[in-house]
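Have a look at data.pdb below; it lists PDB, C-alpha atoms and all ligand atoms.
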```pdb
MODEL        1
ATOM      1  CA  MET M   1      -1.397   5.183  17.287
ATOM      2  CA  PRO M   2       2.280   4.570  18.179
ATOM      3  CA  LEU M   3       4.098   1.848  16.267
ATOM      4  CA  GLN M   4       3.926  -1.523  18.031
ATOM      5  CA  THR M   5       7.346  -3.108  18.014
ATOM      6  CA  THR M   6       8.294  -6.723  17.335
ATOM      7  CA  ALA M   7      11.398  -8.664  18.399
ATOM      8  CA  ASN M   8      13.449  -8.777  15.203
ATOM      9  CA  ILE M   9      14.144  -6.867  12.037
ATOM     10  CA  TRP M  10      15.807  -8.426   9.002
ATOM     11  CA  HIS M  11      18.911  -6.511   7.958
ATOM     12  CA  ASN M  12      21.169  -7.426   5.040
ATOM     13  CA  GLY M  13      20.520 -11.139   5.480
ATOM     14  CA  GLN M  14      20.337 -11.405   9.282
ATOM     15  CA  LEU M  15      17.741 -10.996  11.997
ATOM     16  CA  ILE M  16      18.742  -8.296  14.471
ATOM     17  CA  PRO M  17      16.907  -6.994  17.566
ATOM     18  CA  TRP M  18      14.363  -4.226  16.799
ATOM     19  CA  GLU M  19      16.243  -1.633  18.898
ATOM     20  CA  LYS M  20      19.546  -2.353  17.128
ATOM     21  CA  ALA M  21      18.137  -1.439  13.699
ATOM     22  CA  GLN M  22      19.651   2.053  13.628
ATOM     23  CA  ILE M  23      21.419   4.237  11.066
ATOM     24  CA  HIS M  24      23.780   7.211  11.182
ATOM     25  CA  VAL M  25      22.307  10.717  10.978
ATOM     26  CA  MET M  26      24.634  11.471   8.060
ATOM     27  CA  SER M  27      23.207   8.632   5.956
ATOM     28  CA  HIS M  28      22.293   9.753   2.443
ATOM     29  CA  VAL M  29      18.637   8.765   2.885
ATOM     30  CA  ILE M  30      18.127  11.157   5.802
ATOM     31  CA  HIS M  31      19.183  14.151   3.757
ATOM     32  CA  TYR M  32      17.835  13.362   0.307
ATOM     33  CA  GLY M  33      15.010  10.866   0.804
ATOM     34  CA  SER M  34      16.907   8.196  -1.145
ATOM     35  CA  SER M  35      14.863   5.124  -0.277
ATOM     36  CA  VAL M  36      12.493   2.717  -1.990
ATOM     37  CA  PHE M  37      10.112   0.613   0.024
ATOM     38  CA  GLU M  38       7.080  -1.640   0.107
ATOM     39  CA  GLY M  39       4.042  -2.112   2.289
ATOM     40  CA  ILE M  40       2.663  -5.661   2.425
ATOM     41  CA  ARG M  41      -0.015  -7.324   4.542
ATOM     42  CA  CYS M  42      -0.010 -10.760   6.097
ATOM     43  CA  TYR M  43      -3.481 -12.087   6.941
ATOM     44  CA  ALA M  44      -4.471 -14.741   9.450
ATOM     45  CA  GLN M  45      -6.232 -17.589   7.660
ATOM     46  CA  SER M  46      -9.619 -18.420   9.129
ATOM     47  CA  SER M  47      -9.120 -22.123   8.356
ATOM     48  CA  ALA M  48      -5.992 -22.161  10.523
ATOM     49  CA  GLY M  49      -7.552 -22.521  13.971
ATOM     50  CA  GLY M  50      -7.354 -25.719  15.975
ATOM     51  CA  SER M  51      -4.275 -27.306  14.425
ATOM     52  CA  GLY M  52      -1.997 -25.875  17.124
ATOM     53  CA  ASN M  53       0.114 -24.429  14.355
ATOM     54  CA  PRO M  54      -1.881 -21.574  12.871
ATOM     55  CA  THR M  55      -0.986 -20.357   9.418
ATOM     56  CA  ALA M  56      -1.141 -16.984   7.827
ATOM     57  CA  GLY M  57      -0.821 -15.745   4.272
ATOM     58  CA  VAL M  58       1.249 -12.894   2.855
ATOM     59  CA  PHE M  59      -0.690 -11.121   0.126
ATOM     60  CA  ARG M  60       1.014 -10.977  -3.282
ATOM     61  CA  LEU M  61       4.491 -11.159  -1.811
ATOM     62  CA  GLN M  62       6.363 -11.769  -5.069
ATOM     63  CA  GLU M  63       4.592  -8.866  -6.788
ATOM     64  CA  HIS M  64       5.505  -6.514  -3.957
ATOM     65  CA  MET M  65       9.133  -7.581  -4.071
ATOM     66  CA  ALA M  66       9.177  -7.275  -7.863
ATOM     67  CA  ARG M  67       7.889  -3.709  -7.473
ATOM     68  CA  LEU M  68      10.640  -3.018  -4.935
ATOM     69  CA  ALA M  69      13.165  -4.227  -7.504
ATOM     70  CA  ASP M  70      11.543  -1.980 -10.147
ATOM     71  CA  SER M  71      11.651   1.031  -7.829
ATOM     72  CA  ALA M  72      15.328   0.350  -7.104
ATOM     73  CA  LYS M  73      16.099  -0.030 -10.816
ATOM     74  CA  ILE M  74      14.522   3.352 -11.625
ATOM     75  CA  TYR M  75      16.825   4.923  -9.024
ATOM     76  CA  ARG M  76      19.914   2.962 -10.176
ATOM     77  CA  MET M  77      20.057   1.322  -6.764
ATOM     78  CA  PRO M  78      21.564  -2.170  -7.004
ATOM     79  CA  LEU M  79      19.770  -4.578  -4.677
ATOM     80  CA  PRO M  80      22.155  -7.273  -3.423
ATOM     81  CA  TYR M  81      19.262  -9.761  -3.099
ATOM     82  CA  THR M  82      16.918 -11.296  -5.652
ATOM     83  CA  VAL M  83      13.144 -11.018  -5.520
ATOM     84  CA  ASP M  84      13.019 -14.667  -4.361
ATOM     85  CA  GLN M  85      15.570 -14.071  -1.588
ATOM     86  CA  LEU M  86      13.732 -10.994  -0.375
ATOM     87  CA  SER M  87      10.419 -12.876  -0.440
ATOM     88  CA  THR M  88      11.956 -15.647   1.677
ATOM     89  CA  ALA M  89      13.300 -13.007   4.059
ATOM     90  CA  VAL M  90       9.772 -11.660   4.582
ATOM     91  CA  VAL M  91       8.522 -15.122   5.529
ATOM     92  CA  ASP M  92      11.524 -15.590   7.845
ATOM     93  CA  VAL M  93      10.962 -12.354   9.729
ATOM     94  CA  ILE M  94       7.232 -13.035  10.220
ATOM     95  CA  GLU M  95       7.895 -16.583  11.407
ATOM     96  CA  ALA M  96      10.625 -15.365  13.761
ATOM     97  CA  ASN M  97       8.452 -12.640  15.254
ATOM     98  CA  GLY M  98       5.258 -14.663  15.299
ATOM     99  CA  VAL M  99       3.022 -11.616  14.834
ATOM    100  CA  THR M 100       0.074 -11.902  12.547
ATOM    101  CA  PRO M 101      -2.005 -10.359  11.103
ATOM    102  CA  CYS M 102       0.687  -7.836  10.394
ATOM    103  CA  TYR M 103       2.002  -5.234   8.036
ATOM    104  CA  ILE M 104       5.446  -5.745   6.521
ATOM    105  CA  ARG M 105       7.757  -2.894   5.604
ATOM    106  CA  PRO M 106      10.769  -3.765   3.446
ATOM    107  CA  ILE M 107      12.971  -0.734   2.767
ATOM    108  CA  ALA M 108      16.141  -0.286   0.725
ATOM    109  CA  PHE M 109      18.084   2.958   1.010
ATOM    110  CA  ARG M 110      21.353   4.736   0.456
ATOM    111  CA  GLY M 111      23.286   4.582   3.689
ATOM    112  CA  TYR M 112      26.333   6.260   5.215
ATOM    113  CA  GLY M 113      28.942   7.243   2.638
ATOM    114  CA  GLU M 114      29.286  10.392   0.563
ATOM    115  CA  ILE M 115      27.133  13.403   1.439
ATOM    116  CA  GLY M 116      26.953  14.810  -2.109
ATOM    117  CA  VAL M 117      23.605  14.469  -3.869
ATOM    118  CA  ASN M 118      24.849  11.751  -6.233
ATOM    119  CA  PRO M 119      24.005   8.550  -4.299
ATOM    120  CA  LEU M 120      26.028   6.092  -6.332
ATOM    121  CA  THR M 121      28.913   5.764  -3.870
ATOM    122  CA  SER M 122      26.721   5.397  -0.779
ATOM    123  CA  PRO M 123      26.085   1.783   0.285
ATOM    124  CA  VAL M 124      22.650   0.233  -0.213
ATOM    125  CA  GLU M 125      21.104  -1.160   2.967
ATOM    126  CA  ILE M 126      17.963  -3.282   3.225
ATOM    127  CA  TYR M 127      15.758  -3.787   6.249
ATOM    128  CA  ILE M 128      12.489  -5.707   6.611
ATOM    129  CA  ALA M 129      10.268  -5.078   9.627
ATOM    130  CA  ASN M 130       6.821  -6.453  10.493
ATOM    131  CA  PHE M 131       4.380  -5.114  13.031
ATOM    132  CA  PRO M 132       0.639  -5.061  13.762
ATOM    133  CA  TRP M 133      -1.297  -2.405  11.842
ATOM    134  CA  GLY M 134      -5.071  -2.121  11.660
ATOM    135  CA  LYS M 135      -7.395   0.135   9.693
ATOM    136  CA  TYR M 136      -5.603   2.956   7.842
ATOM    137  CA  VAL M 137      -8.327   5.259   6.482
ATOM    138  CA  PRO M 138     -10.667   6.212   9.356
ATOM    139  CA  GLY M 139     -14.452   5.980   9.012
ATOM    140  CA  ASN M 140     -16.396   2.832   9.863
ATOM    141  CA  GLU M 141     -19.383   4.004   7.824
ATOM    142  CA  GLY M 142     -17.204   5.000   4.885
ATOM    143  CA  ALA M 143     -14.523   7.657   4.579
ATOM    144  CA  ASP M 144     -15.232  11.363   4.224
ATOM    145  CA  VAL M 145     -12.532  12.679   1.924
ATOM    146  CA  CYS M 146     -11.670  15.864   0.057
ATOM    147  CA  VAL M 147      -9.957  16.894  -3.137
ATOM    148  CA  SER M 148      -6.545  18.148  -2.132
ATOM    149  CA  SER M 149      -5.207  21.579  -2.987
ATOM    150  CA  TRP M 150      -1.902  19.771  -3.637
ATOM    151  CA  SER M 151      -1.309  18.105  -7.008
ATOM    152  CA  ARG M 152       0.279  14.715  -7.433
ATOM    153  CA  LEU M 153       3.833  14.482  -8.746
ATOM    154  CA  ALA M 154       4.214  15.923 -12.247
ATOM    155  CA  PRO M 155       5.399  13.561 -14.982
ATOM    156  CA  ASN M 156       9.138  13.584 -15.467
ATOM    157  CA  THR M 157       9.806  15.004 -12.021
ATOM    158  CA  MET M 158       9.475  12.273  -9.384
ATOM    159  CA  PRO M 159       8.568   8.960 -11.046
ATOM    160  CA  SER M 160       5.284   7.758  -9.573
ATOM    161  CA  LEU M 161       5.842   4.146 -10.607
ATOM    162  CA  ALA M 162       8.714   4.046  -8.101
ATOM    163  CA  LYS M 163       7.541   3.625  -4.522
ATOM    164  CA  ALA M 164      10.217   5.968  -3.250
ATOM    165  CA  GLY M 165      10.392   7.529   0.199
ATOM    166  CA  ALA M 166      10.738  11.026  -1.245
ATOM    167  CA  ASN M 167       7.354  10.742  -3.022
ATOM    168  CA  TYR M 168       5.751  10.639   0.382
ATOM    169  CA  MET M 169       6.633  14.269   1.110
ATOM    170  CA  ASN M 170       3.903  15.028  -1.432
ATOM    171  CA  SER M 171       1.668  12.440   0.240
ATOM    172  CA  GLN M 172       2.293  14.046   3.626
ATOM    173  CA  LEU M 173       1.097  17.423   2.350
ATOM    174  CA  ILE M 174      -2.086  15.825   1.011
ATOM    175  CA  ARG M 175      -2.799  13.810   4.161
ATOM    176  CA  MET M 176      -1.989  16.612   6.636
ATOM    177  CA  GLU M 177      -4.199  19.098   4.840
ATOM    178  CA  ALA M 178      -7.058  16.579   4.728
ATOM    179  CA  GLU M 179      -6.872  15.686   8.418
ATOM    180  CA  ILE M 180      -6.444  19.303   9.588
ATOM    181  CA  ASN M 181      -9.618  20.159   7.675
ATOM    182  CA  GLY M 182     -11.548  17.255   9.231
ATOM    183  CA  TYR M 183     -11.372  14.714   6.405
ATOM    184  CA  SER M 184      -9.990  11.178   6.541
ATOM    185  CA  GLU M 185      -7.910  11.467   3.394
ATOM    186  CA  GLY M 186      -7.253  13.663   0.364
ATOM    187  CA  ILE M 187      -7.576  12.815  -3.321
ATOM    188  CA  ALA M 188      -4.971  14.554  -5.449
ATOM    189  CA  LEU M 189      -5.410  15.693  -9.025
ATOM    190  CA  ASP M 190      -2.512  15.394 -11.434
ATOM    191  CA  VAL M 191      -0.832  18.563 -12.703
ATOM    192  CA  ASN M 192      -3.346  18.792 -15.553
ATOM    193  CA  GLY M 193      -6.315  18.746 -13.168
ATOM    194  CA  TYR M 194      -7.379  15.149 -13.811
ATOM    195  CA  LEU M 195      -8.057  12.653 -11.038
ATOM    196  CA  SER M 196      -4.937  10.875  -9.806
ATOM    197  CA  GLU M 197      -5.051   9.043  -6.441
ATOM    198  CA  GLY M 198      -5.121   9.391  -2.662
ATOM    199  CA  SER M 199      -1.995  10.094  -0.651
ATOM    200  CA  GLY M 200      -1.492   6.346  -0.245
ATOM    201  CA  GLU M 201      -4.323   4.717  -2.197
ATOM    202  CA  ASN M 202      -5.559   4.166  -5.725
ATOM    203  CA  LEU M 203      -8.991   5.479  -6.650
ATOM    204  CA  PHE M 204     -11.998   3.683  -8.164
ATOM    205  CA  LEU M 205     -15.370   5.158  -9.185
ATOM    206  CA  VAL M 206     -18.569   3.453 -10.321
ATOM    207  CA  ARG M 207     -21.093   5.081 -12.629
ATOM    208  CA  GLY M 208     -23.839   3.340 -14.550
ATOM    209  CA  GLY M 209     -22.545  -0.080 -13.513
ATOM    210  CA  VAL M 210     -19.071   0.558 -14.998
ATOM    211  CA  LEU M 211     -15.967   0.546 -12.804
ATOM    212  CA  TYR M 212     -13.512   3.335 -13.591
ATOM    213  CA  THR M 213      -9.971   3.849 -12.367
ATOM    214  CA  THR M 214      -7.246   6.285 -13.271
ATOM    215  CA  PRO M 215      -4.465   5.054 -15.595
ATOM    216  CA  LEU M 216      -0.792   4.877 -14.650
ATOM    217  CA  ALA M 217      -0.019   7.954 -16.765
ATOM    218  CA  ASN M 218      -2.059  10.139 -14.386
ATOM    219  CA  SER M 219       0.765   9.998 -11.792
ATOM    220  CA  VAL M 220      -0.427   7.005  -9.795
ATOM    221  CA  LEU M 221       1.407   4.147  -8.160
ATOM    222  CA  ASN M 222       0.849   0.835  -9.938
ATOM    223  CA  GLY M 223      -1.051  -0.524  -6.956
ATOM    224  CA  ILE M 224      -1.073  -4.235  -6.295
ATOM    225  CA  THR M 225      -4.489  -4.010  -4.642
ATOM    226  CA  ARG M 226      -5.641  -1.991  -7.674
ATOM    227  CA  ASN M 227      -4.511  -4.803  -9.933
ATOM    228  CA  SER M 228      -6.199  -7.383  -7.694
ATOM    229  CA  VAL M 229      -9.501  -5.486  -7.688
ATOM    230  CA  ILE M 230      -9.410  -5.088 -11.478
ATOM    231  CA  THR M 231      -8.861  -8.857 -11.787
ATOM    232  CA  LEU M 232     -11.717  -9.634  -9.380
ATOM    233  CA  ALA M 233     -14.070  -7.162 -11.072
ATOM    234  CA  LYS M 234     -13.485  -8.689 -14.496
ATOM    235  CA  GLN M 235     -14.199 -12.137 -13.061
ATOM    236  CA  LEU M 236     -17.455 -10.844 -11.595
ATOM    237  CA  GLY M 237     -18.414  -9.641 -15.074
ATOM    238  CA  ILE M 238     -18.040  -5.961 -14.199
ATOM    239  CA  GLU M 239     -16.853  -3.720 -17.033
ATOM    240  CA  VAL M 240     -13.557  -2.059 -16.017
ATOM    241  CA  VAL M 241     -12.354   1.128 -17.721
ATOM    242  CA  GLU M 242      -8.919   2.645 -17.088
ATOM    243  CA  GLN M 243      -9.053   6.185 -18.429
ATOM    244  CA  THR M 244      -8.317   9.786 -17.564
ATOM    245  CA  LEU M 245     -11.148  11.010 -15.353
ATOM    246  CA  PRO M 246     -12.380  14.531 -14.637
ATOM    247  CA  ARG M 247     -12.585  15.746 -11.036
ATOM    248  CA  GLU M 248     -16.326  16.342 -11.159
ATOM    249  CA  LEU M 249     -17.010  12.650 -11.756
ATOM    250  CA  LEU M 250     -16.305  12.314  -8.028
ATOM    251  CA  TYR M 251     -19.439  14.331  -7.267
ATOM    252  CA  ILE M 252     -21.816  12.498  -9.606
ATOM    253  CA  CYS M 253     -20.588   8.911  -9.420
ATOM    254  CA  ASP M 254     -22.725   6.190  -7.809
ATOM    255  CA  GLU M 255     -19.908   4.621  -5.771
ATOM    256  CA  ALA M 256     -16.282   5.373  -4.975
ATOM    257  CA  PHE M 257     -13.573   3.533  -3.101
ATOM    258  CA  PHE M 258      -9.874   3.495  -2.359
ATOM    259  CA  THR M 259      -7.609   0.487  -2.716
ATOM    260  CA  GLY M 260      -4.214  -0.050  -1.139
ATOM    261  CA  THR M 261      -2.292  -2.407   1.078
ATOM    262  CA  ALA M 262      -2.902  -0.163   4.075
ATOM    263  CA  ALA M 263      -6.401   0.983   3.027
ATOM    264  CA  GLU M 264      -7.422  -2.435   1.586
ATOM    265  CA  VAL M 265     -10.847  -1.687   0.013
ATOM    266  CA  THR M 266     -12.274   1.417   1.711
ATOM    267  CA  HIS M 267     -15.578   2.855   0.537
ATOM    268  CA  LEU M 268     -15.888   6.634   0.274
ATOM    269  CA  ARG M 269     -18.980   8.107   1.892
ATOM    270  CA  SER M 270     -18.488  11.676   0.737
ATOM    271  CA  VAL M 271     -16.138  13.839  -1.256
ATOM    272  CA  ASP M 272     -15.898  17.542  -0.354
ATOM    273  CA  ARG M 273     -19.012  16.986   1.833
ATOM    274  CA  ILE M 274     -21.028  15.809  -1.192
ATOM    275  CA  LEU M 275     -22.460  12.324  -0.579
ATOM    276  CA  VAL M 276     -21.266   9.618  -2.938
ATOM    277  CA  GLY M 277     -24.540   8.015  -4.084
ATOM    278  CA  ASP M 278     -26.582   7.773  -0.892
ATOM    279  CA  GLY M 279     -23.398   7.501   1.186
ATOM    280  CA  THR M 280     -23.664   3.773   1.850
ATOM    281  CA  MET M 281     -21.441   1.125   0.319
ATOM    282  CA  GLY M 282     -22.925   0.435  -3.112
ATOM    283  CA  PRO M 283     -23.427  -2.990  -4.724
ATOM    284  CA  ILE M 284     -20.261  -3.099  -6.848
ATOM    285  CA  THR M 285     -18.034  -1.923  -3.991
ATOM    286  CA  THR M 286     -19.753  -4.442  -1.700
ATOM    287  CA  ALA M 287     -19.181  -7.303  -4.144
ATOM    288  CA  LEU M 288     -15.492  -6.431  -4.563
ATOM    289  CA  HIS M 289     -15.041  -5.844  -0.823
ATOM    290  CA  GLU M 290     -16.508  -9.291  -0.077
ATOM    291  CA  GLU M 291     -14.444 -10.975  -2.742
ATOM    292  CA  PHE M 292     -11.200  -9.291  -1.629
ATOM    293  CA  PHE M 293     -11.646  -9.975   2.101
ATOM    294  CA  GLY M 294     -12.980 -13.473   1.391
ATOM    295  CA  ILE M 295      -9.746 -14.380  -0.367
ATOM    296  CA  VAL M 296      -7.275 -12.649   1.950
ATOM    297  CA  ASN M 297      -8.920 -14.055   5.088
ATOM    298  CA  GLY M 298      -9.032 -17.591   3.691
ATOM    299  CA  LEU M 299     -12.851 -17.733   3.551
ATOM    300  CA  LYS M 300     -12.844 -18.152  -0.230
ATOM    301  CA  PRO M 301     -10.433 -20.223  -2.326
ATOM    302  CA  ASP M 302      -7.183 -18.482  -3.183
ATOM    303  CA  ARG M 303      -7.721 -19.175  -6.866
ATOM    304  CA  HIS M 304      -4.942 -16.837  -8.016
ATOM    305  CA  ASN M 305      -2.313 -18.102  -5.562
ATOM    306  CA  TRP M 306      -2.105 -14.628  -4.080
ATOM    307  CA  LEU M 307      -1.208 -15.847  -0.584
ATOM    308  CA  THR M 308       2.204 -17.123   0.476
ATOM    309  CA  PRO M 309       1.774 -19.373   3.521
ATOM    310  CA  VAL M 310       3.584 -18.471   6.730
ATOM    311  CA  LYS M 311       3.695 -20.586   9.877
ATOM    312  CA  VAL M 312       3.275 -18.579  13.040
ATOM    313  CA  LYS M 313       3.034 -19.716  16.634
ATOM    314  CA  THR M 314       0.412 -17.248  17.821
ATOM    315  CA  LEU M 315      -2.312 -15.290  16.132
ATOM    316  CA  GLU M 316      -2.415 -11.871  17.734
ATOM    317  CA  PRO M 317      -5.367  -9.589  17.140
ATOM    318  CA  VAL M 318      -4.731  -6.146  15.696
ATOM    319  CA  GLU M 319      -6.497  -3.168  17.256
ATOM    320  CA  ALA M 320      -8.906  -1.574  14.757
TER     321      ALA M 320
HETATM  322  C1  LIG E 401       0.649   6.635  -3.413
HETATM  323  C2  LIG E 401       0.068   5.275  -3.352
HETATM  324  N1  LIG E 401      -0.839   4.907  -4.266
HETATM  325  C3  LIG E 401      -1.394   3.690  -4.253
HETATM  326  C4  LIG E 401      -1.065   2.764  -3.275
HETATM  327  C5  LIG E 401      -1.682   1.404  -3.282
HETATM  328  O1  LIG E 401      -0.740   0.450  -3.706
HETATM  329  P1  LIG E 401      -0.806  -1.051  -3.181
HETATM  330  O2  LIG E 401      -2.169  -1.540  -3.468
HETATM  331  O3  LIG E 401       0.233  -1.750  -3.964
HETATM  332  O4  LIG E 401      -0.504  -1.007  -1.737
HETATM  333  C6  LIG E 401      -0.134   3.107  -2.304
HETATM  334  C7  LIG E 401       0.272   2.149  -1.259
HETATM  335  O5  LIG E 401       1.257   1.473  -1.395
HETATM  336  C8  LIG E 401       0.457   4.381  -2.342
HETATM  337  O6  LIG E 401       1.340   4.751  -1.410
ENDMDL
END
```
Can you dump the structure from the file as structure tokens?
Amino acid sequence: MPLQTTANIWHNGQLIPWEKAQIHVMSHVIHYGSSVFEGIRCYAQSSAGGSGNPTAGVFRLQEHMARLADSAKIYRMPLPYTVDQLSTAVVDVIEANGVTPCYIRPIAFRGYGEIGVNPLTSPVEIYIANFPWGKYVPGNEGADVCVSSWSRLAPNTMPSLAKAGANYMNSQLIRMEAEINGYSEGIALDVNGYLSEGSGENLFLVRGGVLYTTPLANSVLNGITRNSVITLAKQLGIEVVEQTLPRELLYICDEAFFTGTAAEVTHLRSVDRILVGDGTMGPITTALHEEFFGIVNGLKPDRHNWLTPVKVKTLEPVEA
């Protein structure tokens, strides 16, 4: 689906028209992938109707901006704004555009300067856009996924804890291969053959009532939804184990799901055409799915203060 535009994009402290947010073809980022970015969701709050001034909530805004700062630090990219300033900027751009629910894309990159590989003399630019974005991993009855022939980034090559644009060349290979072969998404192994993550999602498996997920050392992004689901699972009394997992656990687990800002909580129906359990969403996935969507949609109390309130004039539906 083509990107739906909004009126304004935040750039280096100012709101500028969407079509004016352009960069030069010789910018460092175009040639060498030198960007770090975030993906954040803003949810309409179900309690908002009727007041004439509907509110929305940005999910774990500070944590996303702190991860952006971490990604920038790994790449020695000085951000001229603090986490608080960038968080305020996100609220400003959503309120100015009045589009919610929406997806927010802050991006910092090396702009137009030197063309040598060393980025340190190229200026750092920051943009924040928001736009409507619905379901990311196709499959209303659960996603049919495969194990990718591509491995995730090897340790000490591209740091997976940085959400860097260049990492997504690897993600593109995984996702293209999956879709060309008729799957919704691919799960990558790490270079040692252990489970890692999807091209843009963290991975959870359930077996014998225990919830398993792959640790950060298996080349995964430190997902904010992953962290949220771990927190919710522990509160529901579910045992959570972060450990290196063999590929074949995918084929014999009872339940499996992805987490991510784009994917939210997406249950996996099959892996490599082998049904996960009986293919339906199992009880632990269902409980976590309900808890997650209950909180983000304002149906359950936001007991962790995960939502930053935003005032918007209109609530616009997002196409699924
Ligand atoms: C490679 C990768 N893994 C995991 C995730 C999930 O992270 P989060 O829940 O913070 O969106 C994402 C999405 O940002 C991702 O791109």
Residue members of the PyMOL selection byres (((not hetatm)) within 6 of (chain E and resi 401)) in the file shown, as an mmCIF file with C-alpha atoms, in the frame of the given file:
```cif
data_model
loop_
_atom_site.group_PDB
_atom_site.id
_atom_site.type_symbol
_atom_site.label_atom_id
_atom_site.label_comp_id
_atom_site.auth_asym_id
_atom_site.auth_seq_id
_atom_site.Cartn_x
_atom_site.Cartn_y
_atom_site.Cartn_z
ATOM 1 C CA GLY M 39 4.042 -2.112 2.289
ATOM 2 C CA SER M 199 -1.995 10.094 -0.651
ATOM 3 C CA GLY M 200 -1.492 6.346 -0.245
ATOM 4 C CA GLU M 201 -4.323 4.717 -2.197
ATOM 5 C CA ASN M 202 -5.559 4.166 -5.725
ATOM 6 C CA VAL M 220 -0.427 7.005 -9.795
ATOM 7 C CA LEU M 221 1.407 4.147 -8.160
ATOM 8 C CA GLY M 223 -1.051 -0.524 -6.956
ATOM 9 C CA ILE M 224 -1.073 -4.235 -6.295
ATOM 10 C CA THR M 225 -4.489 -4.010 -4.642
ATOM 11 C CA ARG M 226 -5.641 -1.991 -7.674
ATOM 12 C CA THR M 259 -7.609 0.487 -2.716
ATOM 13 C CA GLY M 260 -4.214 -0.050 -1.139
ATOM 14 C CA THR M 261 -2.292 -2.407 1.078
#
```
From the list M:Arg303, M:Lys135, M:His28, M:Arg152, which residue is nearest Ser228 of chain M when using all atoms listed in the file?
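Result for the nearest residue to Ser228 of chain M: M:Arg303.
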As a check of understanding, name the residues that the PyMOL selection byres (((chain M and resi 22) around 12) and not hetatm) selects in the supplied structure, as a PyMOL selection string.
chain M and resi 9+11+16-21+23-25+27+111-112+125-127
Can you tell me which residues surround segment 244-250 of chain M at a distance of at most 7 Å, considering only C-alpha atoms, apart from same-chain residues fewer than 6 positions away, and format the answer as a PyMOL selection string?
chain M and resi 194-195+214-215+271
Those residues you just picked out, can you put them in a file as a PDB file, in the frame of the given file with C-alpha atoms?
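Result saved to selection.pdb:
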```pdb
ATOM      1  CA  TYR M 194      -7.379  15.149 -13.811  1.00  0.00           C
ATOM      2  CA  LEU M 195      -8.057  12.653 -11.038  1.00  0.00           C
ATOM      3  CA  THR M 214      -7.246   6.285 -13.271  1.00  0.00           C
ATOM      4  CA  PRO M 215      -4.465   5.054 -15.595  1.00  0.00           C
ATOM      5  CA  VAL M 271     -16.138  13.839  -1.256  1.00  0.00           C
TER       6      VAL M 271
END
```
Which residues, written as a list of chain:residue names, have at least one atom at most 10 Å from segment 166-182 of chain M, with all atoms listed in the file counted and residues fewer than 6 positions away on the same chain left out?
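Here the qualifying residues turn out to be M:Val29, M:Tyr32, M:Gly33, M:Ser34, M:Ser35, M:Val36, M:Asp144, M:Val145, M:Cys146, M:Val147, M:Ser148, M:Ser149, M:Trp150, M:Ser151, M:Arg152, M:Leu153, M:Met158, M:Pro159, M:Ser160, M:Ala188, M:Gly198, M:Ser199, M:Gly200.
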Measuring between all atoms listed in the file, which one of M:Ile74, M:Ala44, M:Ala143, M:Val241 shows the shortest distance to Arg269 of chain M?
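The closest residue to Arg269 of chain M is M:Ala143.
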Measuring atom to atom with only C-alpha atoms, identify which of M:Ser184, M:Ser219, M:Asn8, M:Thr213 is nearest to Arg273 of chain M.
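Using only C-alpha atoms, Arg273 of chain M sits closest to M:Ser184.
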Output check: residues returned by the PyMOL selection byres (((chain M and resi 267) around 12) and not hetatm), as number ranges by chain:
M: 137-145, 184-185, 201-206, 254-260, 263-266, 268-271, 275-277, 279-289
